[in-house]
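Report on one structure; see the data block that follows.
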Amino acid sequence: MNLTDLFPIVAPILVICYLVGLLLKNIPSIKDELIPCIVGIVDGILGVVGMYIIIDYPAKDIMTAIAVGIVSGLASTGTHQLYKQLKSLIGGDSND
């Protein structure tokens with residue numbers, strides 16, 4: 001399995017965790033520094049769920065499923081940071 005085959009399988013985890021991160025960002029009592037940790041925990045849980053419900057999931061055991069979930073989900077944090085950096089380069093507001 002190459003990387004292009006892997007993306008459609010883990011993309012749902014990335015999208016869900018991106019939305020979880022955005023929701024957490026709008027809760028004033030949660031510090032921004034905690035959001036990646038919380039998202040990482042959600043990622044691990046979704047990785048295990050994905051192992052059971054997604055056909056051709058790249059993990060066949062729970063530990064690997066947790067790792068795949070964390071890696072694919074934390075990509076959502078990187079995606080948000082990429083968006084934020086590009087927005088600030090273009091001259092937009094970077095208070096997201």
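Labeling convention for the structure tokens: chains A, B, ... as they appear, residues from 1 per chain, ligands from 1 in order of appearance.
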
Next on the checklist: Using only C-alpha atoms, which protein or nucleic acid residues come within 12 Å of range 9-12 of chain A? Drop anything in the same chain fewer than 6 positions from it, and give the result as JSON, numbers by chain.
Outcome noted: {"A": [1, 2, 3, 18, 19, 43, 46, 47, 48, 49, 50, 51, 53, 54, 55, 56, 57, 58, 59, 65, 67, 68, 69, 70, 71, 72, 73, 74, 75, 76]}

Checklist entry - Which polymer residues have any atom within 12 Å of an atom of Ile35 in chain A, counting only C-alpha atoms, with same-chain residues fewer than 2 positions away left out, as a list in words? => result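 The contact residues come out as Cys17, Tyr18, Leu19, Val20, Gly21, Leu22, Leu23, Leu24, Lys25, Asn26, Ile27, Pro28, Ser29, Ile30, Lys31, Asp32, Glu33, Cys37, Ile38, Val39, Gly40, Ile41, Val42, Asp43, Leu74, Ser76, Thr77 and His80 of chain A.
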
Restrict the selected residues to C-alpha atoms and save them as a short mmCIF file (atom, residue, chain, number, x, y, z; two decimals), in the first residue's frame.
data_model
loop_
_atom_site.label_atom_id
_atom_site.label_comp_id
_atom_site.auth_asym_id
_atom_site.auth_seq_id
_atom_site.Cartn_x
_atom_site.Cartn_y
_atom_site.Cartn_z
CA CYS A 17 -10.37 15.68 14.35
CA TYR A 18 -10.05 18.99 12.53
CA LEU A 19 -13.66 19.72 13.45
CA VAL A 20 -13.07 18.60 17.06
CA GLY A 21 -10.11 20.98 17.22
CA LEU A 22 -12.21 23.86 15.91
CA LEU A 23 -14.93 23.11 18.45
CA LEU A 24 -12.39 22.98 21.29
CA LYS A 25 -10.91 26.28 20.14
CA ASN A 26 -14.29 27.92 20.75
CA ILE A 27 -14.51 26.76 24.37
CA PRO A 28 -12.94 29.57 26.42
CA SER A 29 -11.97 27.34 29.37
CA ILE A 30 -9.71 25.14 27.20
CA LYS A 31 -6.21 26.51 26.63
CA ASP A 32 -4.83 26.38 23.09
CA GLU A 33 -1.86 24.33 24.31
CA CYS A 37 -3.35 16.62 23.30
CA ILE A 38 -7.13 16.33 23.40
CA VAL A 39 -7.28 15.88 19.64
CA GLY A 40 -4.56 13.20 19.92
CA ILE A 41 -6.66 11.23 22.39
CA VAL A 42 -9.71 11.49 20.14
CA ASP A 43 -7.49 10.39 17.22
CA LEU A 74 -2.72 15.16 14.40
CA SER A 76 -5.46 18.07 11.34
CA THR A 77 -3.46 20.28 13.72
CA HIS A 80 -4.88 24.22 10.74
#

Item to check | Atom-to-atom span, CA of Val15 in chain A and CA of Thr79 in chain A, Å | outcome: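 CA of Val15 in chain A sits 10.0 Å away from CA of Thr79 in chain A.
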
Next on the checklist: Could you pull out the alpha helix (DSSP H) residues of chain A, going by DSSP on the backbone, and write them as a PyMOL selection string?
Outcome noted: chain A and resi 3-25+35-53+62-90

Checklist entry - So what do you get for CA of Gly78 in chain A versus CA of Ile90 in chain A, distance-wise? => result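 Computing the Euclidean distance for CA of Gly78 in chain A and CA of Ile90 in chain A yields 18.3 Å.
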
Checklist entry - So how far away is CA of Ile16 in chain A from CA of Lys87 in chain A, in Å? => result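 Between these atoms lies a distance of 22.1 Å.
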